[in-house]
Amino acid sequence: MPKMRIVYVTSSSFKAEENRVFTEHCQLKDGTKVGNDFHFEIRSVPIKEVLEVDLRVMVQAEVVEAYSQTRVPCIVEHAGLIFPDLGDCYPGGLTKPMWNTLGDRFLAETNSAGRPAIARAVVAYCDGMSVKTFVGETRGQLAKTPRGDRKFYWDTVFEPDDTSGTTKGRTYAEIVADPKLGLVYKIVELSQSSKAMMQFLEFIRIAPPSSLWE
């Protein structure tokens, strides 16, 4: 049976790298390796990012724009931090522009060092007729200071909860830098983006695109 093609619109080299690890190492609910059933086609299509605190609303707009350019069913994914003590959205879709502006001053300027946080990712899928969204979350907290060398936005400040205790107190960037854990551990065991993407893949297995797009 041929692999199902998934057009993944992103211009981020970090996301492309993480997608390769996801495809090679993650498994679907029935134990099938993702890469056995799916082929991700990365398309670097420039999309105007919408300034919207609600990640769902933001990504829905982005995937419609992506579809208007690719003219084939496609997905986009966006992740952000949520401060649960301030509600269910903030900073959400504003995390990236805030981080771009503040950089390592993000913790100080947002008064968020040591704060409980949720890393939330939303995958949006558009087939030209409708848009569906899939959400993945990883709970954790923000570090007192940025740690780690992998400069993938807030990976240097987010410390994920890990029920195994393996990575307690370490940021995503530190986990990726550990040769015994690496990017594989982040993607397979912890990543909010992997959780959202897995929900999408389980959906598309049941409701694949119509024959018009095959």
# chains A, B, ... in the order shown; residues from 1 in each chain; ligands from 1
call {"tool": "closest_atom_pairs", "arguments": {"of": "region 93-150 of chain A", "to": "region 74-89 of chain A", "cutoff": "8 Å", "atoms": "only C-alpha atoms", "output": "tab-separated table"}}
result
residue	atom	partner	partner_atom	distance
A:Gly93	CA	A:Gly80	CA	5.8
A:Leu94	CA	A:Gly80	CA	7.5
A:Thr95	CA	A:Gly80	CA	5.4
A:Lys96	CA	A:Gly80	CA	7.0
A:Arg115	CA	A:Phe83	CA	7.6
A:Pro116	CA	A:Phe83	CA	6.6
A:Ala117	CA	A:Phe83	CA	4.9
A:Ile118	CA	A:Ile82	CA	5.0
A:Ala119	CA	A:Leu81	CA	4.8
A:Arg120	CA	A:Ala79	CA	5.5
A:Ala121	CA	A:Ala79	CA	4.0
A:Val122	CA	A:His78	CA	5.6
A:Val123	CA	A:Glu77	CA	4.3
A:Ala124	CA	A:Ile75	CA	5.4
A:Tyr125	CA	A:Ile75	CA	4.5
A:Cys126	CA	A:Cys74	CA	5.7
A:Asp127	CA	A:Cys74	CA	6.7
call {"tool": "write_last_selection", "arguments": {"atoms": "C-alpha atoms", "output": "short mmCIF file (atom, residue, chain, number, x, y, z; two decimals), in the first residue's frame"}}
result
data_model
loop_
_atom_site.label_atom_id
_atom_site.label_comp_id
_atom_site.auth_asym_id
_atom_site.auth_seq_id
_atom_site.Cartn_x
_atom_site.Cartn_y
_atom_site.Cartn_z
CA GLY A 93 -0.08 32.86 19.50
CA LEU A 94 1.77 35.93 20.73
CA THR A 95 4.62 33.85 22.18
CA LYS A 96 6.68 33.89 18.98
CA ARG A 115 5.98 30.01 36.45
CA PRO A 116 3.79 26.99 35.62
CA ALA A 117 3.29 26.79 31.88
CA ILE A 118 1.70 24.66 29.20
CA ALA A 119 3.37 24.16 25.83
CA ARG A 120 0.46 23.95 23.40
CA ALA A 121 0.67 23.02 19.72
CA VAL A 122 -2.10 23.20 17.16
CA VAL A 123 -2.02 21.39 13.82
CA ALA A 124 -4.53 22.74 11.31
CA TYR A 125 -5.59 20.80 8.23
CA CYS A 126 -7.38 22.29 5.22
CA ASP A 127 -8.69 20.21 2.33
#
call {"tool": "select_by_dssp", "arguments": {"residues": "region 14-176 of chain A", "states": "strand (DSSP E)", "output": "NGL selection string"}}
result
:A and (38-43 or 74-82 or 116-126 or 131-142 or 158-160)
call {"tool": "write_last_selection", "arguments": {"atoms": "C-alpha atoms", "output": "PDB file, in the first residue's frame"}}
result
ATOM      1  CA  PHE A  38       2.978   8.566   5.757  1.00  0.00           C
ATOM      2  CA  HIS A  39       5.345  10.687   3.711  1.00  0.00           C
ATOM      3  CA  PHE A  40       5.644  14.342   4.713  1.00  0.00           C
ATOM      4  CA  GLU A  41       6.336  16.755   1.881  1.00  0.00           C
ATOM      5  CA  ILE A  42       7.789  19.920   3.400  1.00  0.00           C
ATOM      6  CA  ARG A  43       6.895  23.048   1.472  1.00  0.00           C
ATOM      7  CA  CYS A  74      -2.112  20.715   3.607  1.00  0.00           C
ATOM      8  CA  ILE A  75      -1.259  21.281   7.241  1.00  0.00           C
ATOM      9  CA  VAL A  76       0.438  23.977   9.270  1.00  0.00           C
ATOM     10  CA  GLU A  77       1.506  23.758  12.912  1.00  0.00           C
ATOM     11  CA  HIS A  78       2.125  26.440  15.474  1.00  0.00           C
ATOM     12  CA  ALA A  79       3.039  26.197  19.128  1.00  0.00           C
ATOM     13  CA  GLY A  80       3.102  28.646  21.992  1.00  0.00           C
ATOM     14  CA  LEU A  81       3.217  28.909  25.753  1.00  0.00           C
ATOM     15  CA  ILE A  82       0.157  29.197  27.968  1.00  0.00           C
ATOM     16  CA  PRO A 116       3.787  26.987  35.621  1.00  0.00           C
ATOM     17  CA  ALA A 117       3.295  26.793  31.877  1.00  0.00           C
ATOM     18  CA  ILE A 118       1.699  24.657  29.198  1.00  0.00           C
ATOM     19  CA  ALA A 119       3.374  24.155  25.831  1.00  0.00           C
ATOM     20  CA  ARG A 120       0.463  23.951  23.398  1.00  0.00           C
ATOM     21  CA  ALA A 121       0.667  23.024  19.720  1.00  0.00           C
ATOM     22  CA  VAL A 122      -2.104  23.197  17.157  1.00  0.00           C
ATOM     23  CA  VAL A 123      -2.019  21.391  13.818  1.00  0.00           C
ATOM     24  CA  ALA A 124      -4.529  22.741  11.309  1.00  0.00           C
ATOM     25  CA  TYR A 125      -5.587  20.797   8.227  1.00  0.00           C
ATOM     26  CA  CYS A 126      -7.380  22.290   5.221  1.00  0.00           C
ATOM     27  CA  VAL A 131     -10.532  23.269   8.319  1.00  0.00           C
ATOM     28  CA  LYS A 132      -9.911  20.942  11.237  1.00  0.00           C
ATOM     29  CA  THR A 133      -7.600  21.514  14.185  1.00  0.00           C
ATOM     30  CA  PHE A 134      -5.774  19.123  16.504  1.00  0.00           C
ATOM     31  CA  VAL A 135      -4.269  20.160  19.833  1.00  0.00           C
ATOM     32  CA  GLY A 136      -1.363  18.706  21.792  1.00  0.00           C
ATOM     33  CA  GLU A 137      -0.165  19.883  25.203  1.00  0.00           C
ATOM     34  CA  THR A 138       2.800  19.308  27.491  1.00  0.00           C
ATOM     35  CA  ARG A 139       2.690  20.718  31.002  1.00  0.00           C
ATOM     36  CA  GLY A 140       5.733  22.075  32.743  1.00  0.00           C
ATOM     37  CA  GLN A 141       7.224  25.270  34.047  1.00  0.00           C
ATOM     38  CA  LEU A 142       9.562  28.011  32.927  1.00  0.00           C
ATOM     39  CA  PHE A 158      10.561  25.479  28.980  1.00  0.00           C
ATOM     40  CA  GLU A 159      11.059  22.612  31.441  1.00  0.00           C
ATOM     41  CA  PRO A 160       8.575  19.847  30.541  1.00  0.00           C
TER      42      PRO A 160
END
call {"tool": "closest_residue", "arguments": {"among": "A:Met198, A:Ala143, A:Val72, A:Ile6", "to": "Gly114 (chain A)", "atoms": "only C-alpha atoms"}}
result
A:Ala143
call {"tool": "closest_residue", "arguments": {"among": "A:Glu52, A:Asp155, A:Asp37, A:Asp178", "to": "Phe14 (chain A)", "atoms": "only C-alpha atoms"}}
result
A:Asp155
call {"tool": "residues_around", "arguments": {"residues": "Leu201 (chain A)", "least_positions_apart": "2", "cutoff": "10 Å", "atoms": "only C-alpha atoms", "output": "mmCIF file with C-alpha atoms, in the first residue's frame"}}
result
data_model
loop_
_atom_site.group_PDB
_atom_site.id
_atom_site.type_symbol
_atom_site.label_atom_id
_atom_site.label_comp_id
_atom_site.auth_asym_id
_atom_site.auth_seq_id
_atom_site.Cartn_x
_atom_site.Cartn_y
_atom_site.Cartn_z
ATOM 1 C CA MET A 4 -0.142 8.776 2.180
ATOM 2 C CA ILE A 6 1.039 14.936 3.800
ATOM 3 C CA LEU A 28 0.699 5.197 15.591
ATOM 4 C CA VAL A 34 4.633 6.823 11.191
ATOM 5 C CA ASP A 37 2.251 4.882 6.356
ATOM 6 C CA PHE A 38 2.978 8.566 5.757
ATOM 7 C CA PHE A 134 -5.774 19.123 16.504
ATOM 8 C CA ALA A 196 -1.042 17.211 17.994
ATOM 9 C CA MET A 197 0.420 15.651 14.844
ATOM 10 C CA MET A 198 -0.444 12.147 16.034
ATOM 11 C CA GLN A 199 -4.083 13.171 16.522
ATOM 12 C CA PHE A 203 -7.887 11.291 11.872
ATOM 13 C CA ILE A 204 -6.552 11.266 8.309
ATOM 14 C CA ARG A 205 -6.170 7.471 8.359
ATOM 15 C CA ILE A 206 -9.917 7.215 8.896
ATOM 16 C CA ALA A 207 -10.939 10.105 6.644
ATOM 17 C CA PRO A 208 -8.303 10.428 3.895
#
call {"tool": "closest_residue", "arguments": {"among": "A:Leu183, A:Leu102, A:Val157, A:Ser12", "to": "Arg170 (chain A)", "atoms": "only C-alpha atoms"}}
result
A:Val157
call {"tool": "residues_around", "arguments": {"residues": "Gly35 (chain A)", "least_positions_apart": "6", "cutoff": "10 Å", "atoms": "only C-alpha atoms", "output": "list in words"}}
result
Lys3, Met4, Arg20, Val21, Phe22, Thr23, Glu24, His25, Cys26, Gln27 and Leu28 of chain A
call {"tool": "write_last_selection", "arguments": {"atoms": "C-alpha atoms", "output": "compact mmCIF listing (two decimals), in the first residue's frame"}}
result
# COMPACT_ATOMS: atom_id res chain seq x y z
CA LYS A 3 2.27 5.91 1.69
CA MET A 4 -0.14 8.78 2.18
CA ARG A 20 12.06 13.83 10.27
CA VAL A 21 12.61 12.48 13.77
CA PHE A 22 8.85 12.19 14.30
CA THR A 23 8.45 10.23 11.06
CA GLU A 24 11.34 7.88 11.82
CA HIS A 25 10.72 7.19 15.52
CA CYS A 26 7.07 7.75 16.48
CA GLN A 27 4.41 5.06 16.28
CA LEU A 28 0.70 5.20 15.59
call {"tool": "atom_distance", "arguments": {"atom1": "CA of Val53 (chain A)", "atom2": "CA of Pro91 (chain A)"}}
result
6.1 Å
call {"tool": "select_by_dssp", "arguments": {"residues": "region 7-213 of chain A", "states": "helix (DSSP H, G or I)", "output": "JSON, numbers by chain"}}
result
{"A": [13, 14, 15, 16, 17, 18, 19, 20, 21, 22, 23, 24, 25, 34, 35, 36, 37, 55, 56, 57, 58, 59, 60, 61, 62, 63, 64, 65, 66, 67, 68, 69, 70, 84, 85, 86, 92, 93, 94, 95, 96, 97, 98, 99, 100, 101, 102, 103, 104, 105, 106, 107, 108, 109, 153, 154, 155, 156, 172, 173, 174, 175, 176, 177, 182, 183, 184, 185, 186, 187, 188, 189, 190, 192, 193, 194, 195, 196, 197, 198, 199, 200, 201, 202, 203, 204, 205, 206, 211, 212, 213]}
call {"tool": "residues_around", "arguments": {"residues": "Glu189 (chain A)", "least_positions_apart": "5", "cutoff": "9 Å", "atoms": "only C-alpha atoms", "output": "PyMOL selection string"}}
result
chain A and resi 162+184+194
call {"tool": "write_last_selection", "arguments": {"atoms": "N, CA and C atoms", "output": "compact mmCIF listing (two decimals), in the first residue's frame"}}
result
# COMPACT_ATOMS: atom_id res chain seq x y z
N ASP A 162 7.95 15.39 33.18
CA ASP A 162 8.29 14.08 32.65
C ASP A 162 7.97 13.05 33.73
N VAL A 184 15.43 12.82 19.77
CA VAL A 184 14.50 11.69 19.72
C VAL A 184 13.66 11.62 21.00
N SER A 194 4.28 16.70 18.63
CA SER A 194 4.09 15.29 18.27
C SER A 194 2.70 14.82 18.65
call {"tool": "closest_residue", "arguments": {"among": "A:Thr166, A:Leu51, A:Val9, A:Met98", "to": "Lys180 (chain A)", "atoms": "only C-alpha atoms"}}
result
A:Thr166
call {"tool": "closest_residue", "arguments": {"among": "A:Ser44, A:Thr145, A:Thr156, A:Ser130", "to": "Ala108 (chain A)", "atoms": "only C-alpha atoms"}}
result
A:Thr145
call {"tool": "atom_distance", "arguments": {"atom1": "CA of Ala66 (chain A)", "atom2": "CA of Met129 (chain A)"}}
result
13.5 Å
call {"tool": "decode", "arguments": {"residues": "region 153-207 of chain A", "atoms": "C-alpha atoms", "output": "mmCIF file, in the first residue's frame"}}
result
data_model
loop_
_atom_site.group_PDB
_atom_site.id
_atom_site.type_symbol
_atom_site.label_atom_id
_atom_site.label_comp_id
_atom_site.auth_asym_id
_atom_site.auth_seq_id
_atom_site.Cartn_x
_atom_site.Cartn_y
_atom_site.Cartn_z
ATOM 1 C CA TYR A 153 12.489 29.892 20.329
ATOM 2 C CA TRP A 154 11.486 29.080 23.917
ATOM 3 C CA ASP A 155 13.093 25.623 24.020
ATOM 4 C CA THR A 156 15.759 27.220 26.238
ATOM 5 C CA VAL A 157 13.253 28.194 28.951
ATOM 6 C CA PHE A 158 10.561 25.479 28.980
ATOM 7 C CA GLU A 159 11.059 22.612 31.441
ATOM 8 C CA PRO A 160 8.575 19.847 30.541
ATOM 9 C CA ASP A 161 6.990 17.609 33.141
ATOM 10 C CA ASP A 162 8.285 14.076 32.648
ATOM 11 C CA THR A 163 6.463 11.351 34.562
ATOM 12 C CA SER A 164 9.506 9.073 34.258
ATOM 13 C CA GLY A 165 11.657 11.628 36.070
ATOM 14 C CA THR A 166 14.316 11.267 33.400
ATOM 15 C CA THR A 167 14.488 14.948 32.456
ATOM 16 C CA LYS A 168 13.333 16.665 35.654
ATOM 17 C CA GLY A 169 14.408 20.298 35.831
ATOM 18 C CA ARG A 170 15.889 20.359 32.327
ATOM 19 C CA THR A 171 14.765 22.562 29.460
ATOM 20 C CA TYR A 172 13.891 21.212 26.025
ATOM 21 C CA ALA A 173 17.211 22.624 24.749
ATOM 22 C CA GLU A 174 19.164 20.797 27.471
ATOM 23 C CA ILE A 175 17.332 17.535 26.768
ATOM 24 C CA VAL A 176 18.158 17.745 23.065
ATOM 25 C CA ALA A 177 21.826 18.433 23.890
ATOM 26 C CA ASP A 178 22.099 15.318 26.099
ATOM 27 C CA PRO A 179 23.652 12.556 23.933
ATOM 28 C CA LYS A 180 21.774 9.892 25.923
ATOM 29 C CA LEU A 181 18.418 11.541 25.188
ATOM 30 C CA GLY A 182 18.663 13.938 22.275
ATOM 31 C CA LEU A 183 15.997 15.174 19.923
ATOM 32 C CA VAL A 184 14.495 11.686 19.724
ATOM 33 C CA TYR A 185 13.527 11.735 23.412
ATOM 34 C CA LYS A 186 11.968 15.163 23.122
ATOM 35 C CA ILE A 187 9.915 14.216 20.065
ATOM 36 C CA VAL A 188 8.834 10.721 21.123
ATOM 37 C CA GLU A 189 8.247 11.233 24.844
ATOM 38 C CA LEU A 190 7.475 14.896 25.464
ATOM 39 C CA SER A 191 6.673 17.074 22.469
ATOM 40 C CA GLN A 192 3.342 18.865 22.337
ATOM 41 C CA SER A 193 3.741 19.074 18.565
ATOM 42 C CA SER A 194 4.087 15.292 18.266
ATOM 43 C CA LYS A 195 0.886 14.857 20.270
ATOM 44 C CA ALA A 196 -1.042 17.211 17.994
ATOM 45 C CA MET A 197 0.420 15.651 14.844
ATOM 46 C CA MET A 198 -0.444 12.147 16.034
ATOM 47 C CA GLN A 199 -4.083 13.171 16.522
ATOM 48 C CA PHE A 200 -4.119 14.506 12.967
ATOM 49 C CA LEU A 201 -2.618 11.323 11.503
ATOM 50 C CA GLU A 202 -5.120 9.095 13.303
ATOM 51 C CA PHE A 203 -7.887 11.291 11.872
ATOM 52 C CA ILE A 204 -6.552 11.266 8.309
ATOM 53 C CA ARG A 205 -6.170 7.471 8.359
ATOM 54 C CA ILE A 206 -9.917 7.215 8.896
ATOM 55 C CA ALA A 207 -10.939 10.105 6.644
#
